[in-house]
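Dropping data10.pdb in here (PDB, C-alpha atoms):
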```pdb
ATOM      1  CA  MET I1230      -3.825 -45.765 -14.730
ATOM      2  CA  PRO I1231      -7.246 -44.242 -13.948
ATOM      3  CA  ILE I1232      -8.145 -43.999 -10.282
ATOM      4  CA  LYS I1233     -10.922 -46.497  -9.565
ATOM      5  CA  LYS I1234     -10.240 -47.275  -5.899
ATOM      6  CA  ILE I1235      -9.119 -44.975  -3.100
ATOM      7  CA  LEU I1236      -8.012 -46.143   0.344
ATOM      8  CA  ILE I1237      -8.781 -43.657   3.134
ATOM      9  CA  ALA I1238      -7.025 -44.502   6.405
ATOM     10  CA  VAL I1239      -8.410 -42.934   9.595
ATOM     11  CA  ARG I1240      -7.189 -43.082  13.193
ATOM     12  CA  GLY I1241     -10.375 -42.131  15.040
ATOM     13  CA  SER I1242      -9.295 -38.635  16.115
ATOM     14  CA  GLU I1243     -10.758 -35.229  15.271
ATOM     15  CA  THR I1244      -8.404 -34.956  12.288
ATOM     16  CA  SER I1245     -10.182 -37.967  10.788
ATOM     17  CA  ARG I1246     -13.131 -35.737   9.897
ATOM     18  CA  SER I1247     -11.150 -33.890   7.233
ATOM     19  CA  THR I1248      -9.419 -37.088   6.077
ATOM     20  CA  ILE I1249     -12.779 -38.745   5.461
ATOM     21  CA  GLY I1250     -14.289 -35.647   3.866
ATOM     22  CA  THR I1251     -11.299 -35.025   1.604
ATOM     23  CA  GLY I1252     -11.069 -38.654   0.524
ATOM     24  CA  LEU I1253     -14.767 -39.004  -0.238
ATOM     25  CA  LEU I1254     -14.826 -35.663  -2.054
ATOM     26  CA  LEU I1255     -11.951 -36.903  -4.190
ATOM     27  CA  ALA I1256     -13.721 -40.211  -4.859
ATOM     28  CA  ALA I1257     -16.886 -38.362  -5.894
ATOM     29  CA  THR I1258     -14.912 -36.139  -8.280
ATOM     30  CA  LEU I1259     -13.169 -39.130  -9.876
ATOM     31  CA  LYS I1260     -16.210 -41.444  -9.746
ATOM     32  CA  ALA I1261     -14.167 -43.954  -7.765
ATOM     33  CA  HIS I1262     -14.856 -46.421  -4.979
ATOM     34  CA  ALA I1263     -13.532 -45.338  -1.579
ATOM     35  CA  GLU I1264     -12.599 -47.821   1.127
ATOM     36  CA  VAL I1265     -12.450 -46.141   4.534
ATOM     37  CA  LEU I1266     -10.157 -48.191   6.763
ATOM     38  CA  HIS I1267      -9.971 -47.954  10.536
ATOM     39  CA  VAL I1268      -7.512 -50.254  12.277
ATOM     40  CA  LEU I1269      -8.348 -51.345  15.813
ATOM     41  CA  ALA I1270      -5.118 -51.918  17.682
ATOM     42  CA  ASP I1271      -4.861 -55.072  19.757
ATOM     43  CA  PRO I1272      -4.926 -53.761  23.369
ATOM     44  CA  LEU I1273      -2.150 -56.177  24.324
ATOM     45  CA  HIS I1274       0.060 -54.490  21.724
ATOM     46  CA  ALA I1275      -1.108 -50.973  22.540
ATOM     47  CA  VAL I1276       0.260 -50.881  26.106
ATOM     48  CA  PRO I1277       3.927 -50.803  27.189
ATOM     49  CA  ALA I1278       5.719 -54.089  27.720
ATOM     50  CA  PHE I1279       5.148 -55.416  31.217
ATOM     51  CA  GLY I1280       8.203 -54.777  33.392
ATOM     52  CA  ASP I1281       9.436 -56.684  36.424
ATOM     53  CA  GLY I1282       7.546 -54.348  38.751
ATOM     54  CA  MET I1283       4.261 -54.728  36.909
ATOM     55  CA  THR I1284       1.632 -56.663  38.851
ATOM     56  CA  GLY I1285      -1.139 -58.623  37.202
ATOM     57  CA  ARG I1286      -3.697 -56.121  38.458
ATOM     58  CA  MET I1287      -1.750 -53.202  37.023
ATOM     59  CA  ALA I1288      -1.436 -55.009  33.694
ATOM     60  CA  ASP I1289      -5.181 -55.676  33.613
ATOM     61  CA  GLN I1290      -5.878 -52.012  34.298
ATOM     62  CA  LEU I1291      -3.613 -50.911  31.455
ATOM     63  CA  VAL I1292      -5.255 -53.337  29.044
ATOM     64  CA  SER I1293      -8.709 -52.167  30.171
ATOM     65  CA  ILE I1294      -7.789 -48.523  29.592
ATOM     66  CA  SER I1295      -6.357 -49.380  26.190
ATOM     67  CA  GLU I1296      -9.464 -51.362  25.229
ATOM     68  CA  LYS I1297     -11.626 -48.367  26.128
ATOM     69  CA  ASP I1298      -9.473 -46.027  24.051
ATOM     70  CA  VAL I1299      -9.551 -48.400  21.054
ATOM     71  CA  ALA I1300     -13.353 -48.689  21.281
ATOM     72  CA  GLU I1301     -13.843 -44.933  21.572
ATOM     73  CA  ARG I1302     -11.616 -44.243  18.583
ATOM     74  CA  ALA I1303     -13.489 -46.797  16.482
ATOM     75  CA  LYS I1304     -16.845 -45.343  17.516
ATOM     76  CA  LEU I1305     -15.737 -41.796  16.692
ATOM     77  CA  ALA I1306     -14.320 -42.756  13.299
ATOM     78  CA  ARG I1307     -17.484 -44.644  12.330
ATOM     79  CA  ARG I1308     -19.688 -41.762  13.476
ATOM     80  CA  MET I1309     -17.727 -39.315  11.313
ATOM     81  CA  PHE I1310     -18.034 -41.638   8.322
ATOM     82  CA  ASP I1311     -21.782 -42.056   8.795
ATOM     83  CA  GLN I1312     -22.319 -38.315   9.279
ATOM     84  CA  TYR I1313     -20.473 -37.409   6.093
ATOM     85  CA  CYS I1314     -22.183 -40.095   4.024
ATOM     86  CA  THR I1315     -25.632 -39.070   5.283
ATOM     87  CA  GLY I1316     -25.003 -35.356   4.852
ATOM     88  CA  HIS I1317     -23.600 -35.704   1.331
ATOM     89  CA  GLN I1318     -25.751 -38.601   0.116
ATOM     90  CA  VAL I1319     -22.784 -40.892  -0.416
ATOM     91  CA  PRO I1320     -23.801 -44.347  -1.729
ATOM     92  CA  VAL I1321     -22.491 -46.838   0.854
ATOM     93  CA  VAL I1322     -22.005 -50.438  -0.252
ATOM     94  CA  THR I1323     -21.310 -53.593   1.744
ATOM     95  CA  GLY I1324     -20.545 -55.990  -1.080
ATOM     96  CA  LYS I1325     -18.778 -55.657  -4.401
ATOM     97  CA  PRO I1326     -18.799 -51.990  -5.478
ATOM     98  CA  PRO I1327     -20.193 -51.006  -8.894
ATOM     99  CA  ALA I1328     -17.472 -50.307 -11.452
ATOM    100  CA  GLY I1329     -17.109 -46.752 -12.694
ATOM    101  CA  GLU I1330     -19.414 -45.261 -10.065
ATOM    102  CA  PHE I1331     -18.851 -43.304  -6.875
ATOM    103  CA  SER I1332     -19.354 -45.422  -3.778
ATOM    104  CA  ALA I1333     -17.914 -45.908  -0.300
ATOM    105  CA  ALA I1334     -17.460 -48.756   2.145
ATOM    106  CA  TRP I1335     -16.508 -48.907   5.820
ATOM    107  CA  LEU I1336     -13.830 -51.399   6.831
ATOM    108  CA  GLU I1337     -12.620 -52.218  10.354
ATOM    109  CA  LYS I1338      -9.678 -54.513  10.953
ATOM    110  CA  VAL I1339      -7.748 -55.568  14.074
ATOM    111  CA  GLY I1340      -3.973 -55.549  13.757
ATOM    112  CA  TYR I1341      -0.988 -53.349  13.051
ATOM    113  CA  ALA I1342      -1.867 -50.205  11.099
ATOM    114  CA  ASP I1343       1.351 -50.155   9.052
ATOM    115  CA  ALA I1344       1.027 -53.818   8.026
ATOM    116  CA  LEU I1345      -2.598 -53.353   6.982
ATOM    117  CA  MET I1346      -1.668 -50.184   5.125
ATOM    118  CA  ARG I1347       0.908 -52.109   3.098
ATOM    119  CA  ARG I1348      -1.542 -54.896   2.247
ATOM    120  CA  ARG I1349      -4.626 -52.809   1.509
ATOM    121  CA  GLY I1350      -2.715 -49.880  -0.002
ATOM    122  CA  ARG I1351      -1.126 -51.997  -2.709
ATOM    123  CA  LEU I1352      -4.627 -52.819  -3.934
ATOM    124  CA  ALA I1353      -5.693 -49.169  -4.225
ATOM    125  CA  ASP I1354      -4.963 -46.603  -6.921
ATOM    126  CA  MET I1355      -4.488 -43.795  -4.411
ATOM    127  CA  ILE I1356      -4.204 -43.473  -0.627
ATOM    128  CA  VAL I1357      -5.575 -40.625   1.476
ATOM    129  CA  LEU I1358      -4.025 -39.957   4.893
ATOM    130  CA  GLY I1359      -4.274 -37.315   7.565
ATOM    131  CA  LYS I1360      -1.250 -35.187   8.392
ATOM    132  CA  PRO I1361       1.551 -37.447   9.689
ATOM    133  CA  THR I1362       3.232 -36.983  13.054
ATOM    134  CA  PHE I1363       6.966 -36.716  12.510
ATOM    135  CA  LYS I1364       7.963 -38.818  15.498
ATOM    136  CA  PRO I1365       9.525 -42.263  14.963
ATOM    137  CA  ARG I1366       7.550 -45.333  16.011
ATOM    138  CA  LEU I1367       4.278 -43.467  16.565
ATOM    139  CA  ALA I1368       1.356 -45.104  14.778
ATOM    140  CA  THR I1369       0.675 -42.041  12.622
ATOM    141  CA  SER I1370       4.257 -41.825  11.373
ATOM    142  CA  MET I1371       4.490 -45.586  10.808
ATOM    143  CA  THR I1372       1.239 -45.604   8.817
ATOM    144  CA  ALA I1373       2.379 -42.625   6.746
ATOM    145  CA  GLN I1374       5.730 -44.302   6.130
ATOM    146  CA  ALA I1375       4.036 -47.487   4.963
ATOM    147  CA  GLY I1376       1.655 -45.576   2.700
ATOM    148  CA  LEU I1377       4.289 -43.323   1.154
ATOM    149  CA  PHE I1378       7.220 -45.699   0.809
ATOM    150  CA  GLU I1379       5.950 -49.282   0.903
ATOM    151  CA  THR I1380       2.828 -49.452  -1.264
ATOM    152  CA  GLY I1381       4.057 -48.107  -4.595
ATOM    153  CA  ARG I1382       0.968 -45.878  -4.684
ATOM    154  CA  PRO I1383       0.548 -42.094  -4.643
ATOM    155  CA  VAL I1384      -0.576 -40.600  -1.345
ATOM    156  CA  LEU I1385      -2.743 -37.544  -0.820
ATOM    157  CA  ILE I1386      -2.288 -35.815   2.540
ATOM    158  CA  ALA I1387      -5.573 -34.247   3.636
ATOM    159  CA  PRO I1388      -5.616 -30.641   4.883
ATOM    160  CA  PRO I1389      -6.934 -29.642   8.352
ATOM    161  CA  GLU I1390     -10.349 -28.788   6.886
ATOM    162  CA  THR I1391     -12.268 -30.549   4.131
ATOM    163  CA  PRO I1392     -11.985 -28.521   0.892
ATOM    164  CA  LYS I1393     -15.085 -26.517   0.021
ATOM    165  CA  GLY I1394     -15.043 -27.293  -3.696
ATOM    166  CA  ASP I1395     -13.539 -29.748  -6.140
ATOM    167  CA  ILE I1396      -9.920 -30.774  -5.651
ATOM    168  CA  GLY I1397      -7.515 -30.052  -8.485
ATOM    169  CA  ARG I1398      -9.051 -27.116 -10.341
ATOM    170  CA  ASN I1399      -5.877 -25.111  -9.725
ATOM    171  CA  ILE I1400      -2.808 -27.350  -9.461
ATOM    172  CA  ALA I1401       0.681 -26.380  -8.331
ATOM    173  CA  ILE I1402       3.572 -28.756  -9.072
ATOM    174  CA  ALA I1403       6.757 -28.525  -6.995
ATOM    175  CA  TRP I1404       9.301 -29.594  -9.603
ATOM    176  CA  ASN I1405      12.983 -30.371  -9.084
ATOM    177  CA  GLY I1406      13.444 -32.975 -11.800
ATOM    178  CA  SER I1407      13.732 -35.890  -9.346
ATOM    179  CA  ALA I1408      12.300 -39.367  -9.860
ATOM    180  CA  GLU I1409      10.000 -38.816  -6.874
ATOM    181  CA  ALA I1410       8.623 -35.601  -8.353
ATOM    182  CA  SER I1411       8.176 -37.354 -11.700
ATOM    183  CA  ARG I1412       6.094 -40.091 -10.063
ATOM    184  CA  ALA I1413       3.989 -37.449  -8.342
ATOM    185  CA  VAL I1414       3.327 -35.772 -11.701
ATOM    186  CA  ALA I1415       2.330 -39.146 -13.174
ATOM    187  CA  ALA I1416      -0.121 -39.648 -10.284
ATOM    188  CA  ALA I1417      -1.637 -36.223 -10.974
ATOM    189  CA  THR I1418      -2.574 -37.076 -14.564
ATOM    190  CA  ASN I1419      -6.065 -37.973 -13.340
ATOM    191  CA  PHE I1420      -6.540 -34.333 -12.309
ATOM    192  CA  PHE I1421      -5.093 -32.506 -15.313
ATOM    193  CA  GLY I1422      -8.120 -33.006 -17.562
ATOM    194  CA  ALA I1423     -10.416 -31.051 -15.252
ATOM    195  CA  ALA I1424      -7.820 -28.489 -14.119
ATOM    196  CA  GLU I1425      -8.424 -24.868 -15.064
ATOM    197  CA  LYS I1426      -4.870 -23.856 -14.194
ATOM    198  CA  VAL I1427      -1.563 -25.700 -13.728
ATOM    199  CA  THR I1428       1.578 -23.971 -12.444
ATOM    200  CA  VAL I1429       5.063 -25.483 -12.285
ATOM    201  CA  LEU I1430       6.917 -24.121  -9.236
ATOM    202  CA  THR I1431      10.685 -24.470  -9.201
ATOM    203  CA  ALA I1432      13.372 -23.425  -6.717
ATOM    204  CA  GLU I1433      16.480 -22.714  -8.741
ATOM    205  CA  SER I1434      19.645 -24.379  -7.432
ATOM    206  CA  GLU I1435      22.834 -26.039  -8.630
ATOM    207  CA  ARG I1436      20.898 -29.272  -9.120
ATOM    208  CA  THR I1437      17.747 -27.680 -10.511
ATOM    209  CA  PRO I1438      18.329 -25.056 -13.218
ATOM    210  CA  ALA I1439      15.632 -22.496 -13.904
ATOM    211  CA  GLU I1440      14.857 -24.054 -17.291
ATOM    212  CA  ALA I1441      13.708 -27.266 -15.576
ATOM    213  CA  ALA I1442      10.297 -25.671 -15.018
ATOM    214  CA  GLN I1443       9.809 -24.944 -18.715
ATOM    215  CA  GLU I1444      11.017 -28.433 -19.599
ATOM    216  CA  LEU I1445       8.184 -29.921 -17.534
ATOM    217  CA  ALA I1446       5.704 -27.452 -19.035
ATOM    218  CA  ASP I1447       6.791 -28.498 -22.528
ATOM    219  CA  TYR I1448       6.368 -32.164 -21.593
ATOM    220  CA  LEU I1449       2.883 -31.546 -20.183
ATOM    221  CA  SER I1450       1.883 -29.692 -23.366
ATOM    222  CA  LEU I1451       2.355 -32.944 -25.292
ATOM    223  CA  HIS I1452      -0.429 -34.353 -23.110
ATOM    224  CA  GLY I1453      -2.699 -31.416 -23.800
ATOM    225  CA  VAL I1454      -1.941 -29.693 -20.486
ATOM    226  CA  ARG I1455      -1.136 -25.993 -20.607
ATOM    227  CA  ALA I1456       1.109 -25.093 -17.670
ATOM    228  CA  GLU I1457       2.556 -21.819 -16.486
ATOM    229  CA  THR I1458       5.970 -21.660 -14.807
ATOM    230  CA  ARG I1459       7.294 -19.733 -11.827
ATOM    231  CA  ILE I1460      10.707 -19.623 -10.127
ATOM    232  CA  PHE I1461       9.707 -19.061  -6.512
ATOM    233  CA  ALA I1462      13.144 -19.254  -4.853
ATOM    234  CA  HIS I1463      16.858 -19.127  -5.561
ATOM    235  CA  MET I1464      18.533 -21.596  -3.236
ATOM    236  CA  ALA I1465      21.971 -20.061  -3.794
ATOM    237  CA  ASP I1466      20.722 -16.955  -1.995
ATOM    238  CA  LYS I1467      19.188 -18.614   1.069
ATOM    239  CA  PRO I1468      18.148 -22.089   2.298
ATOM    240  CA  LEU I1469      14.825 -23.260   0.938
ATOM    241  CA  GLY I1470      12.050 -23.517   3.501
ATOM    242  CA  GLY I1471       8.615 -25.012   3.159
ATOM    243  CA  ALA I1472       7.085 -21.602   3.830
ATOM    244  CA  ALA I1473       8.411 -20.324   0.506
ATOM    245  CA  LEU I1474       6.698 -23.131  -1.401
ATOM    246  CA  LEU I1475       3.430 -22.676   0.506
ATOM    247  CA  LYS I1476       3.501 -18.935  -0.176
ATOM    248  CA  ALA I1477       4.015 -19.672  -3.871
ATOM    249  CA  CYS I1478       0.955 -21.932  -3.763
ATOM    250  CA  ASP I1479      -1.044 -19.138  -2.149
ATOM    251  CA  ASP I1480       0.197 -16.655  -4.740
ATOM    252  CA  VAL I1481      -1.108 -18.766  -7.629
ATOM    253  CA  GLY I1482      -4.301 -19.740  -5.771
ATOM    254  CA  ALA I1483      -3.562 -23.470  -5.852
ATOM    255  CA  ASP I1484      -6.043 -25.925  -4.343
ATOM    256  CA  LEU I1485      -3.725 -28.951  -4.802
ATOM    257  CA  LEU I1486       0.049 -29.257  -4.420
ATOM    258  CA  VAL I1487       1.872 -32.063  -6.254
ATOM    259  CA  MET I1488       5.348 -32.954  -4.967
ATOM    260  CA  GLY I1489       7.763 -35.834  -4.427
ATOM    261  CA  ALA I1490       8.251 -37.712  -1.144
ATOM    262  CA  PHE I1491      11.815 -38.505  -0.141
ATOM    263  CA  ILE I1492      13.424 -40.918   2.299
ATOM    264  CA  ALA I1493      16.891 -40.142   3.623
ATOM    265  CA  GLY I1494      19.806 -42.484   4.140
ATOM    266  CA  GLY I1495      17.873 -45.660   3.392
ATOM    267  CA  PHE I1496      16.333 -45.785   6.880
ATOM    268  CA  ARG I1497      12.926 -47.431   7.179
ATOM    269  CA  GLU I1498      11.623 -44.383   9.017
ATOM    270  CA  LEU I1499       9.674 -41.397   7.792
ATOM    271  CA  ILE I1500      12.617 -39.022   7.410
ATOM    272  CA  MET I1501      12.065 -35.888   5.385
ATOM    273  CA  GLY I1502      13.853 -32.608   5.027
ATOM    274  CA  ASN I1503      12.730 -29.689   7.133
ATOM    275  CA  ALA I1504      11.129 -28.013   4.125
ATOM    276  CA  THR I1505       8.955 -31.048   3.323
ATOM    277  CA  GLN I1506       7.971 -31.499   6.961
ATOM    278  CA  GLN I1507       6.980 -27.848   7.109
ATOM    279  CA  VAL I1508       4.855 -28.206   3.991
ATOM    280  CA  LEU I1509       3.007 -31.245   5.350
ATOM    281  CA  SER I1510       2.595 -29.684   8.798
ATOM    282  CA  GLU I1511       1.369 -26.274   7.635
ATOM    283  CA  ALA I1512      -0.331 -26.861   4.273
ATOM    284  CA  THR I1513      -3.984 -25.860   4.164
ATOM    285  CA  ILE I1514      -4.564 -27.573   0.794
ATOM    286  CA  PRO I1515      -4.272 -31.260  -0.133
ATOM    287  CA  VAL I1516      -0.753 -32.428  -0.964
ATOM    288  CA  LEU I1517      -0.372 -35.233  -3.532
ATOM    289  CA  MET I1518       2.915 -37.087  -3.087
ATOM    290  CA  GLY I1519       4.720 -39.748  -5.119
ATOM    291  CA  HIS I1520       7.762 -41.825  -4.245
TER     292      HIS I1520
END
```
Please rewrite the model in this file as structure tokens.
Amino acid sequence: MPIKKILIAVRGSETSRSTIGTGLLLAATLKAHAEVLHVLADPLHAVPAFGDGMTGRMADQLVSISEKDVAERAKLARRMFDQYCTGHQVPVVTGKPPAGEFSAAWLEKVGYADALMRRRGRLADMIVLGKPTFKPRLATSMTAQAGLFETGRPVLIAPPETPKGDIGRNIAIAWNGSAEASRAVAAATNFFGAAEKVTVLTAESERTPAEAAQELADYLSLHGVRAETRIFAHMADKPLGGAALLKACDDVGADLLVMGAFIAGGFRELIMGNATQQVLSEATIPVLMGH
């Protein structure tokens, strides 16, 4: 399905600058409408539960501090959005967006970020998030979990800095033959037409034979995509780390990494292997994930 609507979720921190820039750059490239969502937490939900020793005055102070933090985050996020749109002449709309044209809209909602991500994300073709924090029950990890595992949509994790040029001219695919990786490849079909280079990166293991890379390349060729292949690690020799995959991306000059997102043990938490966490934590290019 062509990408016509992109949901960009921002928290109102300094990392939101790259998330907004990356998402709007992507929307401009794909001629899509971008909805930039900032969720204002209810201050009563943003402070710890009142204990037996908590006085009414102390509770009021905590709520007041939380209200100030919520307002400051909202103000910062909106300022970043306005600055980018003004500096890059982004057409901002307040009503129904024009079909087939690049546009952006600002959306503020009060509530739980993960619940709003589920509802709004299921009505987008792609979701753009900042780097998740791998700590259970934090808002960033809960929002990332909802986006990756509960919307049925591909998620692009923005890098620390907004890319200088177009996204997806040089694509690297981390391929292990899994269903998650297959969904990520399907999500990347919107990028293949404009890509100048596509490289299939495979770590050979008992589960992933070396020929798996060429099998994907052969499949992509049926869609008119010429892909090179590279075996970047042999997992029988040493444990696979995210650094090896990132180095392989650097070696081929990739500006977009496509890979699967995994959840372990059926838990409703963002639980990923160390290699995947390292990739998301240290990647300096956008990472497109499917689940």
Q | Long-range neighbours of Val1321 (chain I) as a list in words, 9 Å cut-off, only C-alpha atoms, 2 positions minimum in chain | A |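 Contacts, in chain order: Cys1314, Gln1318, Val1319, Thr1323, Pro1326, Ser1332, Ala1333, Ala1334 and Trp1335 of chain I.
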Q: Identify, on the basis of only C-alpha atoms, every residue whose closest approach to Met1355 (chain I) does not exceed 7 Å; exclude the query and any residue fewer than 5 positions from it along the same chain; express the result as number ranges by chain.
A: I: 1232, 1234-1236, 1382-1384
Q | Of the listed residues I:Asp1395, I:Glu1425, I:Asp1343, I:Glu1243, that which approaches Met1309 (chain I) most closely, counting all atoms listed in the file | A |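 So, comparing all the options, the nearest one is I:Glu1243.
Closest approach to Met1346 (chain I) from the set I:Arg1436, I:Lys1304, I:His1267, I:Arg1398 is made by I:His1267, with distances taken over only C-alpha atoms.
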Q | I:Leu1254, I:Ala1504, I:Ile1400, I:Val1357 ranked by distance to Thr1372 (chain I), top pick (using all atoms listed in the file) | A | I:Val1357
Q | Given all atoms listed in the file as the counted atoms, nearest of I:Leu1385, I:Met1464, I:Leu1451, I:Ala1473 to Pro1515 (chain I) | A | I:Leu1385
**Q.** Selection result of the PyMOL selection byres ((chain I and resi 1252) around 12) on this file, as a ChimeraX atom specification
**A.** /I:1234-1239,1245-1251,1253-1266,1310,1313-1314,1319,1331-1333,1355-1359,1384-1388,1390-1392,1395-1396,1515,1517
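Nearest to Gly1350 (chain I) of all the residues I:Gly1489, I:Gly1376, I:Pro1327, I:Pro1389 is I:Gly1376, counting all atoms listed in the file.
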Q. Which residue out of I:Leu1305, I:Ala1512, I:Ala1424, I:Ala1403 has the minimum interatomic distance to Ile1460 (chain I) when all atoms listed in the file are used?
A.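 Going through I:Leu1305, I:Ala1512, I:Ala1424, I:Ala1403 one by one, the smallest distance to Ile1460 (chain I) is for I:Ala1403.
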Q) Quick one: distance from CA of Ser1450 (chain I) to CA of Leu1485 (chain I) in Å, one decimal? A)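 Going from CA of Ser1450 (chain I) over to CA of Leu1485 (chain I) covers 19.4 Å.
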**Q.** Between CA of Ala1344 (chain I) and CA of Arg1240 (chain I) - distance in Å to one decimal
**A.**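 CA of Ala1344 (chain I) lies at a distance of 14.5 Å from CA of Arg1240 (chain I).
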Q: For CA of Ala1342 (chain I) and CA of Thr1244 (chain I), determine how far apart the two atoms are, in Å to one decimal place.
A: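 Atom-to-atom, CA of Ala1342 (chain I) and CA of Thr1244 (chain I) are spaced 16.6 Å apart.
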Q: Please check which residues have atoms at most 7 Å from (2.9, -25.7, -11.8) in the file's coordinates, counting all atoms listed in the file, and write them as a PyMOL selection string.
A: chain I and resi 1400-1403+1427-1430+1456-1458
Output of the above residues as a compact mmCIF listing (two decimals), in the coordinates of the input, restricted to C-alpha atoms:
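Written file, part30.txt:
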```
# COMPACT_ATOMS: atom_id res chain seq x y z
CA ILE I 1400 -2.81 -27.35 -9.46
CA ALA I 1401 0.68 -26.38 -8.33
CA ILE I 1402 3.57 -28.76 -9.07
CA ALA I 1403 6.76 -28.52 -7.00
CA VAL I 1427 -1.56 -25.70 -13.73
CA THR I 1428 1.58 -23.97 -12.44
CA VAL I 1429 5.06 -25.48 -12.28
CA LEU I 1430 6.92 -24.12 -9.24
CA ALA I 1456 1.11 -25.09 -17.67
CA GLU I 1457 2.56 -21.82 -16.49
CA THR I 1458 5.97 -21.66 -14.81
```
Q: Please write as a list of chain:residue names the full residue list that the PyMOL selection byres ((chain I and resi 1434) around 9) yields on this file.
A: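 On this input, the PyMOL selection byres ((chain I and resi 1434) around 9) captures I:Ala1432, I:Glu1433, I:Glu1435, I:Arg1436, I:Thr1437, I:Pro1438, I:Ala1439, I:Ala1462, I:His1463, I:Met1464, I:Ala1465.
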Can you spit out the residues from that selection as a short mmCIF file (atom, residue, chain, number, x, y, z; two decimals), keeping the file's coordinate frame, using C-alpha atoms?
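Saved to again25.cif:
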```
data_model
loop_
_atom_site.label_atom_id
_atom_site.label_comp_id
_atom_site.auth_asym_id
_atom_site.auth_seq_id
_atom_site.Cartn_x
_atom_site.Cartn_y
_atom_site.Cartn_z
CA ALA I 1432 13.37 -23.42 -6.72
CA GLU I 1433 16.48 -22.71 -8.74
CA GLU I 1435 22.83 -26.04 -8.63
CA ARG I 1436 20.90 -29.27 -9.12
CA THR I 1437 17.75 -27.68 -10.51
CA PRO I 1438 18.33 -25.06 -13.22
CA ALA I 1439 15.63 -22.50 -13.90
CA ALA I 1462 13.14 -19.25 -4.85
CA HIS I 1463 16.86 -19.13 -5.56
CA MET I 1464 18.53 -21.60 -3.24
CA ALA I 1465 21.97 -20.06 -3.79
#
```
Pull out every residue that the PyMOL selection byres ((chain I and resi 1480) around 12) matches in the shown coordinates and put them as a tab-separated table (two decimals) with C-alpha atoms, in the coordinates of the input.
```tsv
chain	number	residue	atom	x	y	z
I	1399	ASN	CA	-5.88	-25.11	-9.72
I	1401	ALA	CA	0.68	-26.38	-8.33
I	1428	THR	CA	1.58	-23.97	-12.44
I	1430	LEU	CA	6.92	-24.12	-9.24
I	1459	ARG	CA	7.29	-19.73	-11.83
I	1461	PHE	CA	9.71	-19.06	-6.51
I	1473	ALA	CA	8.41	-20.32	0.51
I	1474	LEU	CA	6.70	-23.13	-1.40
I	1475	LEU	CA	3.43	-22.68	0.51
I	1476	LYS	CA	3.50	-18.93	-0.18
I	1477	ALA	CA	4.01	-19.67	-3.87
I	1478	CYS	CA	0.96	-21.93	-3.76
I	1479	ASP	CA	-1.04	-19.14	-2.15
I	1481	VAL	CA	-1.11	-18.77	-7.63
I	1482	GLY	CA	-4.30	-19.74	-5.77
I	1483	ALA	CA	-3.56	-23.47	-5.85
I	1484	ASP	CA	-6.04	-25.92	-4.34
```
